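Engineer: The structure under discussion is supplied below as structure tokens; questions concerning it will follow.
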Amino acid sequence: MNRGPYALRRALKGMSEYQFLAVATISVIATVLLLLGAFAIVLTNLSGVLDRWGKDVQISCYLQENIGDAGVFRLKAELETMSEVAAVTYVSKDEALQQFGNSIEGLDRILADLDTNPLPASLEVRLLPAFQRPEQVAQVAESLERPEFQALDYSHEWVERYHNFLSLLRLSALVLGTLLLAAAVFLVGNTIRLAIYARRDELAIVALVGGTKWFARLPFLVEGALQGLLGGLVSLILLRLLHQYAFLEVQDSLGMALGPDLMVFLPTPALVALLAAGLAVGLLGAWTSVARSREEAL
Amino acid sequence: MIQFRDVTKVYRKTGTALEALDLSFDEGEFAFITGPSGAGKTTLLKLLYAAERPSSGEVLIEGRAISRLHPRSVPWLRRNMGVVIQDFRLLPRRTVAENVALALEVCGLKQADIQQRVHAALDRVGLRDMANRLPTELSGGEQQRTAIARAIVNEPSIILADEPTGNLDQELSFDIMGLLVDLCHEKRATILVATHDRNQLDAWNVREVQLADGRLVGDVLADEKANGSNRRPTTEVEQAEADEQPQAQGDCIANQEERPDSRPEDEDWQAQEDPGEEASI
């Protein structure tokens, strides 16, 4: 049986006969997948930042001035028994001042001039991974409320806003991605429709000499699949270049603030998914045209 | 072999193309289907290769009602047929050999088998040396020979030719028709040729089925033709009368000796093309 090689030969011949159309289609698929890939890189990395921040989420419980060592020890032990809590660390007034002084260069010299230490001592509560989502952190913080604490701080607004921003970004990516992929399917469909039109004489002969529908369809489906795969490959190459020369630049600028692993490349499953998306777009586009064609052979 | 039983075909746009047609062809028979434009010649052939379905009645090949064939089975029917049409239907960007090979590629044959059979078919139609030429580099007659090679490469039991000489001059027309007649002898294939070329009809001593306005108006067997135009019975009464007499056999009896050395003058009695619905495959 040589239908497979025949279909491949016909598909390649079809693409070489209408090179401009093939190149245009591959370019559009590559552009769409590049956009989606870039979006995926941004989303993956922004999510990574949220995960890292989540791991760092700790609730600072600032102690009243008049709590003695015994009181601190009792409170620490009490908090450590809570099921959501991973660890509790005591930060004395002096340690707090020292940490604050170290946070910005030169600040320690300014702070040394102070007569009194204005910073309160605190218990830093780190949560177990299962309780690090913004809404859970807020819940745990509520249960930590004690009269011995003058204030609780866990930067919850920041985290929540960031979380919401990411959710919105994911939704936008999904909507935009769907639209872009639909447009790509439409375009492949049109290219294949033109290919069918250009080869209508051949299709009439194929029908006349007893070619089955699959014999007639296969070259067009292979052509669509090839265009989709090539579009996917081109998009991967461009994505790598984009990551190398644009995203890593961003990392150099923002890495200090957002952590050293900002702008990692996509993991292998995501790259395979992009290629598969290209293949699916090509096949689906070709199929829509082949199935709607009124040629007898198809 | 082939039977039309009370077949009527009505096109929505152009009306009745065939009406109550009762007709049969034997295995290995060569027959002309003739009549003026719009007589229903092309429709008759289209019904045989299932490009059209009858509005009523049945078309049978070897007892099988192809008029009720499932669309998925049509390709298998056509693989057992060779179809040749006036405009050759060759792919201009493919070589002669590739054009012929297409009929075998659809069957999924191996390349080695394809090559061998294509060469044999091209050999048979006298085009072996032209295998690697493009159709555009060939004469009209050579192009039609290529189409015939494509039609016979599968060794079909039925060959249908719709105005195969319509685009050719008289000399080439006789060559092509002679080739078809020879093939009928060699392969024992049933060959039906739709034509309104009076020169061909007169030159070949084969059965002549005459249509007009979609009806069967005459059916002249080869022997009757040779004896001076008797008409085959087309009504039940005529059939009953005819049954009492010995039936003439019309099998593939093209009388090549009668083929004129000097070609008859151009006197196609209908120069116009068939109407739209019959113009294409």
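Identifiers for the structure tokens are assigned positionally: chains receive A, B, ... in sequence, residues are indexed from 1 per chain, and ligands are indexed from 1 in the order shown.
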I want to know what sits within 12 Å of Ala151 (chain B), based on only C-alpha atoms, with residues of the same chain fewer than 4 positions away left out; could you give that as a JSON list (two decimals) with all heavy atoms, in the first residue's frame?
Structural biologist:
[["chain", "number", "residue", "atom", "x", "y", "z"],
["A", 205, "ILE", "N", -10.48, 13.66, -11.71],
["A", 205, "ILE", "CA", -9.89, 12.45, -12.30],
["A", 205, "ILE", "C", -9.77, 11.34, -11.26],
["A", 205, "ILE", "O", -10.05, 10.17, -11.54],
["A", 205, "ILE", "CB", -8.53, 12.77, -12.94],
["A", 205, "ILE", "CG1", -8.73, 13.75, -14.10],
["A", 205, "ILE", "CG2", -7.85, 11.50, -13.43],
["A", 205, "ILE", "CD1", -7.47, 14.39, -14.59],
["A", 208, "LEU", "N", -12.94, 9.81, -10.99],
["A", 208, "LEU", "CA", -13.26, 9.05, -12.21],
["A", 208, "LEU", "C", -12.57, 7.69, -12.24],
["A", 208, "LEU", "O", -13.14, 6.71, -12.72],
["A", 208, "LEU", "CB", -12.83, 9.87, -13.42],
["A", 208, "LEU", "CG", -13.34, 9.45, -14.78],
["A", 208, "LEU", "CD1", -14.85, 9.67, -14.84],
["A", 208, "LEU", "CD2", -12.66, 10.23, -15.89],
["A", 209, "VAL", "N", -11.34, 7.64, -11.71],
["A", 209, "VAL", "CA", -10.60, 6.38, -11.79],
["A", 209, "VAL", "C", -10.78, 5.51, -10.54],
["A", 209, "VAL", "O", -10.12, 4.49, -10.37],
["A", 209, "VAL", "CB", -9.08, 6.60, -12.05],
["A", 209, "VAL", "CG1", -8.87, 7.24, -13.39],
["A", 209, "VAL", "CG2", -8.44, 7.41, -10.94],
["A", 210, "GLY", "N", -11.70, 5.95, -9.66],
["A", 210, "GLY", "CA", -12.04, 5.07, -8.53],
["A", 210, "GLY", "C", -11.27, 5.35, -7.25],
["A", 210, "GLY", "O", -11.10, 4.45, -6.43],
["B", 78, "ARG", "N", -15.86, 1.90, -10.13],
["B", 78, "ARG", "CA", -15.10, 2.60, -11.17],
["B", 78, "ARG", "C", -13.73, 1.99, -11.43],
["B", 78, "ARG", "O", -13.15, 2.19, -12.50],
["B", 78, "ARG", "CB", -14.96, 4.08, -10.80],
["B", 78, "ARG", "CG", -16.30, 4.78, -10.87],
["B", 78, "ARG", "CD", -16.18, 6.25, -10.63],
["B", 78, "ARG", "NE", -17.51, 6.85, -10.54],
["B", 78, "ARG", "CZ", -17.73, 8.08, -10.13],
["B", 78, "ARG", "NH1", -16.74, 8.85, -9.77],
["B", 78, "ARG", "NH2", -18.96, 8.54, -10.08],
["B", 79, "ARG", "N", -13.19, 1.29, -10.44],
["B", 79, "ARG", "CA", -11.89, 0.65, -10.66],
["B", 79, "ARG", "C", -12.01, -0.50, -11.65],
["B", 79, "ARG", "O", -11.02, -0.97, -12.19],
["B", 79, "ARG", "CB", -11.33, 0.13, -9.33],
["B", 79, "ARG", "CG", -10.84, 1.26, -8.47],
["B", 79, "ARG", "CD", -10.37, 0.75, -7.14],
["B", 79, "ARG", "NE", -10.25, 1.85, -6.21],
["B", 79, "ARG", "CZ", -9.82, 1.73, -4.97],
["B", 79, "ARG", "NH1", -9.45, 0.55, -4.52],
["B", 79, "ARG", "NH2", -9.74, 2.77, -4.18],
["B", 80, "ASN", "N", -13.23, -0.96, -11.85],
["B", 80, "ASN", "CA", -13.46, -2.03, -12.80],
["B", 80, "ASN", "C", -13.95, -1.48, -14.14],
["B", 80, "ASN", "O", -14.48, -2.21, -14.96],
["B", 80, "ASN", "CB", -14.47, -3.03, -12.22],
["B", 80, "ASN", "CG", -14.42, -4.35, -12.95],
["B", 80, "ASN", "OD1", -13.37, -4.76, -13.43],
["B", 80, "ASN", "ND2", -15.58, -5.00, -13.08],
["B", 81, "MET", "N", -13.79, -0.17, -14.29],
["B", 81, "MET", "CA", -14.22, 0.48, -15.54],
["B", 81, "MET", "C", -13.13, 1.41, -16.02],
["B", 81, "MET", "O", -12.37, 1.93, -15.22],
["B", 81, "MET", "CB", -15.43, 1.39, -15.23],
["B", 81, "MET", "CG", -16.73, 0.69, -15.19],
["B", 81, "MET", "SD", -17.99, 1.92, -14.85],
["B", 81, "MET", "CE", -19.38, 0.83, -14.71],
["B", 82, "GLY", "N", -13.09, 1.62, -17.31],
["B", 82, "GLY", "CA", -12.23, 2.66, -17.82],
["B", 82, "GLY", "C", -13.11, 3.71, -18.46],
["B", 82, "GLY", "O", -14.03, 3.36, -19.20],
["B", 83, "VAL", "N", -12.88, 4.96, -18.13],
["B", 83, "VAL", "CA", -13.72, 6.02, -18.70],
["B", 83, "VAL", "C", -12.83, 6.97, -19.51],
["B", 83, "VAL", "O", -11.81, 7.45, -19.02],
["B", 83, "VAL", "CB", -14.47, 6.80, -17.59],
["B", 83, "VAL", "CG1", -15.37, 7.87, -18.21],
["B", 83, "VAL", "CG2", -15.29, 5.85, -16.72],
["B", 84, "VAL", "N", -13.23, 7.21, -20.73],
["B", 84, "VAL", "CA", -12.49, 8.12, -21.62],
["B", 84, "VAL", "C", -13.44, 9.21, -22.05],
["B", 84, "VAL", "O", -14.57, 8.91, -22.46],
["B", 84, "VAL", "CB", -11.97, 7.37, -22.88],
["B", 84, "VAL", "CG1", -11.16, 8.30, -23.76],
["B", 84, "VAL", "CG2", -11.14, 6.16, -22.48],
["B", 85, "ILE", "N", -13.00, 10.46, -21.91],
["B", 85, "ILE", "CA", -13.91, 11.51, -22.36],
["B", 85, "ILE", "C", -13.24, 12.47, -23.33],
["B", 85, "ILE", "O", -12.03, 12.45, -23.50],
["B", 85, "ILE", "CB", -14.52, 12.28, -21.17],
["B", 85, "ILE", "CG1", -13.47, 12.56, -20.15],
["B", 85, "ILE", "CG2", -15.69, 11.54, -20.58],
["B", 85, "ILE", "CD1", -14.04, 13.13, -18.89],
["B", 88, "PHE", "N", -10.11, 14.62, -22.68],
["B", 88, "PHE", "CA", -8.98, 13.79, -22.21],
["B", 88, "PHE", "C", -8.84, 13.72, -20.69],
["B", 88, "PHE", "O", -8.49, 12.71, -20.15],
["B", 88, "PHE", "CB", -7.63, 14.22, -22.81],
["B", 88, "PHE", "CG", -7.67, 14.66, -24.25],
["B", 88, "PHE", "CD1", -7.06, 15.81, -24.68],
["B", 88, "PHE", "CD2", -8.35, 13.88, -25.19],
["B", 88, "PHE", "CE1", -7.11, 16.21, -26.00],
["B", 88, "PHE", "CE2", -8.39, 14.26, -26.53],
["B", 88, "PHE", "CZ", -7.78, 15.44, -26.93],
["B", 89, "ARG", "N", -9.06, 14.86, -20.05],
["B", 89, "ARG", "CA", -8.88, 14.94, -18.58],
["B", 89, "ARG", "C", -7.51, 14.43, -18.14],
["B", 89, "ARG", "O", -7.42, 13.50, -17.34],
["B", 89, "ARG", "CB", -9.99, 14.15, -17.87],
["B", 89, "ARG", "CG", -11.34, 14.82, -17.92],
["B", 89, "ARG", "CD", -11.40, 15.97, -16.96],
["B", 89, "ARG", "NE", -12.60, 16.76, -17.18],
["B", 89, "ARG", "CZ", -13.58, 16.89, -16.29],
["B", 89, "ARG", "NH1", -13.49, 16.28, -15.14],
["B", 89, "ARG", "NH2", -14.61, 17.64, -16.56],
["B", 90, "LEU", "N", -6.48, 15.06, -18.66],
["B", 90, "LEU", "CA", -5.13, 14.71, -18.22],
["B", 90, "LEU", "C", -4.60, 15.84, -17.34],
["B", 90, "LEU", "O", -5.01, 16.99, -17.47],
["B", 90, "LEU", "CB", -4.20, 14.53, -19.42],
["B", 90, "LEU", "CG", -4.60, 13.43, -20.41],
["B", 90, "LEU", "CD1", -3.66, 13.43, -21.61],
["B", 90, "LEU", "CD2", -4.58, 12.07, -19.74],
["B", 99, "ASN", "N", 0.26, 10.29, -15.30],
["B", 99, "ASN", "CA", -1.19, 10.37, -15.55],
["B", 99, "ASN", "C", -1.82, 8.98, -15.58],
["B", 99, "ASN", "O", -2.87, 8.75, -15.00],
["B", 99, "ASN", "CB", -1.46, 11.10, -16.86],
["B", 99, "ASN", "CG", -1.67, 12.59, -16.66],
["B", 99, "ASN", "OD1", -2.71, 13.02, -16.19],
["B", 99, "ASN", "ND2", -0.66, 13.38, -17.00],
["B", 100, "VAL", "N", -1.14, 8.08, -16.26],
["B", 100, "VAL", "CA", -1.67, 6.71, -16.36],
["B", 100, "VAL", "C", -1.59, 6.01, -15.00],
["B", 100, "VAL", "O", -2.51, 5.29, -14.60],
["B", 100, "VAL", "CB", -0.90, 5.92, -17.45],
["B", 100, "VAL", "CG1", -1.39, 4.49, -17.51],
["B", 100, "VAL", "CG2", -1.07, 6.60, -18.81],
["B", 101, "ALA", "N", -0.50, 6.29, -14.29],
["B", 101, "ALA", "CA", -0.28, 5.62, -13.00],
["B", 101, "ALA", "C", -1.36, 5.97, -11.97],
["B", 101, "ALA", "O", -1.63, 5.19, -11.06],
["B", 101, "ALA", "CB", 1.09, 5.99, -12.46],
["B", 102, "LEU", "N", -1.97, 7.14, -12.13],
["B", 102, "LEU", "CA", -2.97, 7.58, -11.14],
["B", 102, "LEU", "C", -4.07, 6.53, -10.94],
["B", 102, "LEU", "O", -4.51, 6.29, -9.81],
["B", 102, "LEU", "CB", -3.58, 8.92, -11.58],
["B", 102, "LEU", "CG", -4.51, 9.57, -10.58],
["B", 102, "LEU", "CD1", -3.78, 9.92, -9.30],
["B", 102, "LEU", "CD2", -5.15, 10.81, -11.17],
["B", 103, "ALA", "N", -4.47, 5.89, -12.03],
["B", 103, "ALA", "CA", -5.55, 4.90, -11.94],
["B", 103, "ALA", "C", -5.14, 3.70, -11.10],
["B", 103, "ALA", "O", -5.99, 3.00, -10.55],
["B", 103, "ALA", "CB", -5.96, 4.44, -13.33],
["B", 104, "LEU", "N", -3.81, 3.47, -10.99],
["B", 104, "LEU", "CA", -3.33, 2.35, -10.17],
["B", 104, "LEU", "C", -3.00, 2.81, -8.76],
["B", 104, "LEU", "O", -3.13, 2.06, -7.80],
["B", 104, "LEU", "CB", -2.09, 1.73, -10.82],
["B", 104, "LEU", "CG", -2.31, 1.12, -12.21],
["B", 104, "LEU", "CD1", -0.99, 0.70, -12.82],
["B", 104, "LEU", "CD2", -3.25, -0.07, -12.12],
["B", 118, "VAL", "N", 1.98, 0.35, -16.10],
["B", 118, "VAL", "CA", 1.90, 1.60, -16.86],
["B", 118, "VAL", "C", 2.65, 1.43, -18.19],
["B", 118, "VAL", "O", 2.15, 1.83, -19.25],
["B", 118, "VAL", "CB", 2.48, 2.78, -16.05],
["B", 118, "VAL", "CG1", 2.74, 4.00, -16.93],
["B", 118, "VAL", "CG2", 1.52, 3.15, -14.92],
["B", 121, "ALA", "N", 0.63, -0.64, -20.56],
["B", 121, "ALA", "CA", -0.51, 0.09, -21.12],
["B", 121, "ALA", "C", -0.04, 1.10, -22.18],
["B", 121, "ALA", "O", -0.65, 1.25, -23.24],
["B", 121, "ALA", "CB", -1.27, 0.80, -20.01],
["B", 122, "LEU", "N", 1.08, 1.79, -21.85],
["B", 122, "LEU", "CA", 1.60, 2.77, -22.82],
["B", 122, "LEU", "C", 2.10, 2.07, -24.08],
["B", 122, "LEU", "O", 1.95, 2.58, -25.19],
["B", 122, "LEU", "CB", 2.72, 3.60, -22.18],
["B", 122, "LEU", "CG", 2.26, 4.61, -21.13],
["B", 122, "LEU", "CD1", 3.45, 5.34, -20.53],
["B", 122, "LEU", "CD2", 1.29, 5.63, -21.76],
["B", 124, "ARG", "N", 0.85, -0.59, -25.25],
["B", 124, "ARG", "CA", -0.33, -1.02, -26.00],
["B", 124, "ARG", "C", -0.90, 0.11, -26.84],
["B", 124, "ARG", "O", -1.41, -0.13, -27.95],
["B", 124, "ARG", "CB", -1.40, -1.55, -25.02],
["B", 124, "ARG", "CG", -2.68, -1.98, -25.69],
["B", 124, "ARG", "CD", -2.40, -3.11, -26.67],
["B", 124, "ARG", "NE", -3.47, -3.30, -27.64],
["B", 124, "ARG", "CZ", -3.57, -2.66, -28.80],
["B", 124, "ARG", "NH1", -2.67, -1.75, -29.14],
["B", 124, "ARG", "NH2", -4.56, -2.92, -29.63],
["B", 125, "VAL", "N", -0.85, 1.32, -26.33],
["B", 125, "VAL", "CA", -1.42, 2.44, -27.11],
["B", 125, "VAL", "C", -0.35, 3.14, -27.94],
["B", 125, "VAL", "O", -0.60, 4.20, -28.53],
["B", 125, "VAL", "CB", -2.14, 3.46, -26.20],
["B", 125, "VAL", "CG1", -3.29, 2.82, -25.47],
["B", 125, "VAL", "CG2", -1.17, 4.12, -25.21],
["B", 144, "GLN", "N", -5.26, 11.64, -26.29],
["B", 144, "GLN", "CA", -6.39, 10.73, -26.12],
["B", 144, "GLN", "C", -5.88, 9.30, -25.93],
["B", 144, "GLN", "O", -6.47, 8.53, -25.18],
["B", 144, "GLN", "CB", -7.35, 10.83, -27.32],
["B", 144, "GLN", "CG", -8.69, 10.17, -27.11],
["B", 144, "GLN", "CD", -9.46, 10.73, -25.91],
["B", 144, "GLN", "OE1", -9.06, 10.57, -24.76],
["B", 144, "GLN", "NE2", -10.59, 11.37, -26.18],
["B", 145, "ARG", "N", -4.77, 8.96, -26.56],
["B", 145, "ARG", "CA", -4.18, 7.63, -26.34],
["B", 145, "ARG", "C", -3.74, 7.49, -24.88],
["B", 145, "ARG", "O", -3.88, 6.43, -24.28],
["B", 145, "ARG", "CB", -2.97, 7.43, -27.26],
["B", 145, "ARG", "CG", -3.36, 7.04, -28.67],
["B", 145, "ARG", "CD", -2.15, 7.03, -29.60],
["B", 145, "ARG", "NE", -2.61, 6.68, -30.94],
["B", 145, "ARG", "CZ", -2.71, 5.43, -31.40],
["B", 145, "ARG", "NH1", -2.37, 4.43, -30.62],
["B", 145, "ARG", "NH2", -3.14, 5.20, -32.62],
["B", 146, "THR", "N", -3.22, 8.59, -24.33],
["B", 146, "THR", "CA", -2.82, 8.56, -22.91],
["B", 146, "THR", "C", -4.05, 8.29, -22.04],
["B", 146, "THR", "O", -4.01, 7.48, -21.11],
["B", 146, "THR", "CB", -2.20, 9.91, -22.51],
["B", 146, "THR", "OG1", -1.15, 10.22, -23.41],
["B", 146, "THR", "CG2", -1.66, 9.86, -21.08],
["B", 147, "ALA", "N", -5.15, 8.98, -22.37],
["B", 147, "ALA", "CA", -6.38, 8.78, -21.60],
["B", 147, "ALA", "C", -6.87, 7.34, -21.74],
["B", 147, "ALA", "O", -7.37, 6.75, -20.78],
["B", 147, "ALA", "CB", -7.46, 9.76, -22.07],
["B", 155, "GLU", "N", -7.04, -2.97, -16.51],
["B", 155, "GLU", "CA", -7.67, -4.09, -17.21],
["B", 155, "GLU", "C", -9.14, -4.22, -16.83],
["B", 155, "GLU", "O", -9.59, -5.26, -16.31],
["B", 155, "GLU", "CB", -6.91, -5.38, -16.91],
["B", 155, "GLU", "CG", -5.46, -5.25, -17.36],
["B", 155, "GLU", "CD", -4.76, -6.58, -17.47],
["B", 155, "GLU", "OE1", -5.27, -7.55, -16.91],
["B", 155, "GLU", "OE2", -3.70, -6.60, -18.11],
["B", 156, "PRO", "N", -9.91, -3.16, -17.09],
["B", 156, "PRO", "CA", -11.32, -3.18, -16.69],
["B", 156, "PRO", "C", -12.16, -4.06, -17.62],
["B", 156, "PRO", "O", -11.77, -4.30, -18.77],
["B", 156, "PRO", "CB", -11.74, -1.71, -16.83],
["B", 156, "PRO", "CG", -10.86, -1.19, -17.91],
["B", 156, "PRO", "CD", -9.57, -1.92, -17.79],
["B", 157, "SER", "N", -13.30, -4.47, -17.11],
["B", 157, "SER", "CA", -14.17, -5.30, -17.96],
["B", 157, "SER", "C", -15.11, -4.41, -18.78],
["B", 157, "SER", "O", -15.77, -4.90, -19.70],
["B", 157, "SER", "CB", -14.98, -6.27, -17.10],
["B", 157, "SER", "OG", -15.70, -5.55, -16.12],
["B", 158, "ILE", "N", -15.20, -3.14, -18.41],
["B", 158, "ILE", "CA", -16.06, -2.21, -19.16],
["B", 158, "ILE", "C", -15.26, -0.95, -19.47],
["B", 158, "ILE", "O", -14.58, -0.41, -18.60],
["B", 158, "ILE", "CB", -17.30, -1.83, -18.33],
["B", 158, "ILE", "CG1", -18.14, -3.08, -18.03],
["B", 158, "ILE", "CG2", -18.13, -0.76, -19.03],
["B", 158, "ILE", "CD1", -19.28, -2.84, -17.06],
["B", 159, "ILE", "N", -15.35, -0.49, -20.72],
["B", 159, "ILE", "CA", -14.74, 0.80, -21.07],
["B", 159, "ILE", "C", -15.83, 1.69, -21.64],
["B", 159, "ILE", "O", -16.57, 1.28, -22.55],
["B", 159, "ILE", "CB", -13.59, 0.62, -22.09],
["B", 159, "ILE", "CG1", -12.45, -0.19, -21.44],
["B", 159, "ILE", "CG2", -13.06, 1.97, -22.55],
["B", 159, "ILE", "CD1", -11.32, -0.55, -22.40],
["B", 160, "LEU", "N", -15.94, 2.88, -21.06],
["B", 160, "LEU", "CA", -16.94, 3.84, -21.52],
["B", 160, "LEU", "C", -16.20, 5.02, -22.14],
["B", 160, "LEU", "O", -15.29, 5.56, -21.52],
["B", 160, "LEU", "CB", -17.79, 4.32, -20.34],
["B", 160, "LEU", "CG", -18.42, 3.22, -19.47],
["B", 160, "LEU", "CD1", -19.09, 3.84, -18.25],
["B", 160, "LEU", "CD2", -19.43, 2.42, -20.28],
["B", 161, "ALA", "N", -16.58, 5.38, -23.33],
["B", 161, "ALA", "CA", -15.91, 6.50, -23.99],
["B", 161, "ALA", "C", -16.96, 7.50, -24.45],
["B", 161, "ALA", "O", -17.86, 7.15, -25.21],
["B", 161, "ALA", "CB", -15.09, 5.99, -25.16],
["B", 164, "PRO", "N", -14.98, 10.27, -27.66],
["B", 164, "PRO", "CA", -13.51, 10.21, -27.54],
["B", 164, "PRO", "C", -12.78, 10.86, -28.70],
["B", 164, "PRO", "O", -11.60, 11.17, -28.59],
["B", 164, "PRO", "CB", -13.22, 8.70, -27.48],
["B", 164, "PRO", "CG", -14.36, 8.07, -28.19],
["B", 164, "PRO", "CD", -15.55, 8.92, -27.90],
["B", 180, "LEU", "N", -9.73, 1.37, -29.87],
["B", 180, "LEU", "CA", -10.79, 0.89, -28.97],
["B", 180, "LEU", "C", -11.36, -0.45, -29.47],
["B", 180, "LEU", "O", -11.61, -1.36, -28.69],
["B", 180, "LEU", "CB", -11.90, 1.94, -28.85],
["B", 180, "LEU", "CG", -11.54, 3.20, -28.04],
["B", 180, "LEU", "CD1", -12.62, 4.25, -28.16],
["B", 180, "LEU", "CD2", -11.30, 2.84, -26.57],
["B", 183, "LEU", "N", -8.97, -3.18, -28.75],
["B", 183, "LEU", "CA", -8.99, -3.52, -27.32],
["B", 183, "LEU", "C", -10.17, -4.42, -26.98],
["B", 183, "LEU", "O", -10.07, -5.31, -26.15],
["B", 183, "LEU", "CB", -9.06, -2.23, -26.47],
["B", 183, "LEU", "CG", -7.76, -1.45, -26.39],
["B", 183, "LEU", "CD1", -7.99, -0.09, -25.75],
["B", 183, "LEU", "CD2", -6.73, -2.23, -25.59],
["B", 189, "ALA", "N", -13.35, -6.83, -23.39],
["B", 189, "ALA", "CA", -14.03, -5.83, -22.56],
["B", 189, "ALA", "C", -15.28, -5.34, -23.29],
["B", 189, "ALA", "O", -15.33, -5.31, -24.52],
["B", 189, "ALA", "CB", -13.10, -4.65, -22.30],
["B", 191, "ILE", "N", -17.30, -2.44, -24.54],
["B", 191, "ILE", "CA", -16.93, -1.05, -24.81],
["B", 191, "ILE", "C", -18.13, -0.30, -25.39],
["B", 191, "ILE", "O", -18.70, -0.71, -26.41],
["B", 191, "ILE", "CB", -15.73, -0.97, -25.78],
["B", 191, "ILE", "CG1", -14.53, -1.71, -25.16],
["B", 191, "ILE", "CG2", -15.38, 0.48, -26.09],
["B", 191, "ILE", "CD1", -13.23, -1.60, -25.93]]
Engineer: Using only C-alpha atoms, I'd like every residue of chain A that has an atom within 9 Å of chain B; please write them out as a ChimeraX atom specification.
Structural biologist: /A:1-3,6,201-202,204-213,215-216,296
Engineer: Export C-alpha atoms of the chosen residues as a PDB file, in the first residue's frame?
Structural biologist:
ATOM      1  CA  MET A   1       0.000   0.000   0.000  1.00  0.00           C
ATOM      2  CA  ASN A   2       1.560   3.311  -1.006  1.00  0.00           C
ATOM      3  CA  ARG A   3      -1.219   5.751  -0.149  1.00  0.00           C
ATOM      4  CA  TYR A   6       1.505   9.224  -2.205  1.00  0.00           C
ATOM      5  CA  ASP A 201      -9.222  18.782 -12.140  1.00  0.00           C
ATOM      6  CA  GLU A 202      -7.061  16.238 -10.412  1.00  0.00           C
ATOM      7  CA  ALA A 204     -12.308  14.959 -10.746  1.00  0.00           C
ATOM      8  CA  ILE A 205      -9.894  12.452 -12.303  1.00  0.00           C
ATOM      9  CA  VAL A 206      -9.270  10.752  -8.969  1.00  0.00           C
ATOM     10  CA  ALA A 207     -13.035  10.307  -8.624  1.00  0.00           C
ATOM     11  CA  LEU A 208     -13.262   9.050 -12.206  1.00  0.00           C
ATOM     12  CA  VAL A 209     -10.597   6.378 -11.786  1.00  0.00           C
ATOM     13  CA  GLY A 210     -12.036   5.073  -8.531  1.00  0.00           C
ATOM     14  CA  GLY A 211     -10.162   6.962  -5.827  1.00  0.00           C
ATOM     15  CA  THR A 212     -11.863   6.743  -2.437  1.00  0.00           C
ATOM     16  CA  LYS A 213     -12.708   9.840  -0.428  1.00  0.00           C
ATOM     17  CA  PHE A 215      -7.416   8.814  -1.016  1.00  0.00           C
ATOM     18  CA  ALA A 216      -8.505  12.264  -2.208  1.00  0.00           C
ATOM     19  CA  GLU A 296     -17.232  14.638  -5.800  1.00  0.00           C
TER      20      GLU A 296
END
Engineer: Would you compute the distance between CA of Ser172 (chain A) and CA of Leu33 (chain A)? Give it in Å to one decimal.
Structural biologist: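 Separation of CA of Ser172 (chain A) and CA of Leu33 (chain A): 15.5 Å.
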Engineer: Between B:Ile2, B:Leu23, B:Leu48, B:Ala97, which residue has the minimum interatomic distance to Gly63 (chain B), considering only C-alpha atoms?
Structural biologist: B:Ile2
Engineer: Write out as a VMD selection string which residues come within 10 Å of Leu152 (chain A) when counting only C-alpha atoms, dropping same-chain ones fewer than 5 positions away.
Structural biologist: chain A and resid 59 to 63 122 to 124 141 to 142 144 to 146
Engineer: Extract the full set of strand (DSSP E or B) residues from region 89-219 of chain A according to DSSP on the backbone, and format it as a list in words.
Structural biologist: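 Put together, the selection reads Thr89, Tyr90, Val91, Ser122, Leu123, Glu124, Val125, Arg126, Leu127, Phe149, Gln150, Ala151, Leu152 and Asp153 of chain A.
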Engineer: Would you mind reading off the distance between CA of Arg292 (chain A) and CA of Leu226 (chain A), one decimal, in Å?
Structural biologist: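 CA of Leu226 (chain A) lies 20.4 Å from CA of Arg292 (chain A).
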Engineer: If you measure from CA of Phe100 (chain A) to CA of Leu119 (chain A), what distance in Å do you get, rounded to one decimal?
Structural biologist: 9.1 Å
Engineer: Extract, using only C-alpha atoms, all DNA, RNA and protein residues at most 10 Å from Tyr197 (chain A), discarding same-chain residues fewer than 5 positions from it, and format them as an mmCIF file with N, CA and C atoms, in the first residue's frame.
Structural biologist:
data_model
loop_
_atom_site.group_PDB
_atom_site.id
_atom_site.type_symbol
_atom_site.label_atom_id
_atom_site.label_comp_id
_atom_site.auth_asym_id
_atom_site.auth_seq_id
_atom_site.Cartn_x
_atom_site.Cartn_y
_atom_site.Cartn_z
ATOM 1 N N THR A 191 -6.556 28.361 2.982
ATOM 2 C CA THR A 191 -5.437 27.927 2.129
ATOM 3 C C THR A 191 -5.757 26.580 1.488
ATOM 4 N N ILE A 192 -6.270 25.671 2.308
ATOM 5 C CA ILE A 192 -6.571 24.335 1.786
ATOM 6 C C ILE A 192 -7.723 24.428 0.768
ATOM 7 N N GLU A 202 -7.658 17.476 -10.889
ATOM 8 C CA GLU A 202 -7.061 16.238 -10.412
ATOM 9 C C GLU A 202 -8.088 15.454 -9.579
ATOM 10 N N LEU A 203 -8.855 16.197 -8.761
ATOM 11 C CA LEU A 203 -9.850 15.531 -7.917
ATOM 12 C C LEU A 203 -10.925 14.864 -8.772
ATOM 13 N N SER A 293 -16.112 20.767 1.159
ATOM 14 C CA SER A 293 -15.943 20.841 -0.289
ATOM 15 C C SER A 293 -17.080 20.099 -1.011
ATOM 16 N N GLU A 295 -16.588 19.011 -4.085
ATOM 17 C CA GLU A 295 -15.971 18.143 -5.089
ATOM 18 C C GLU A 295 -16.433 16.701 -4.867
#
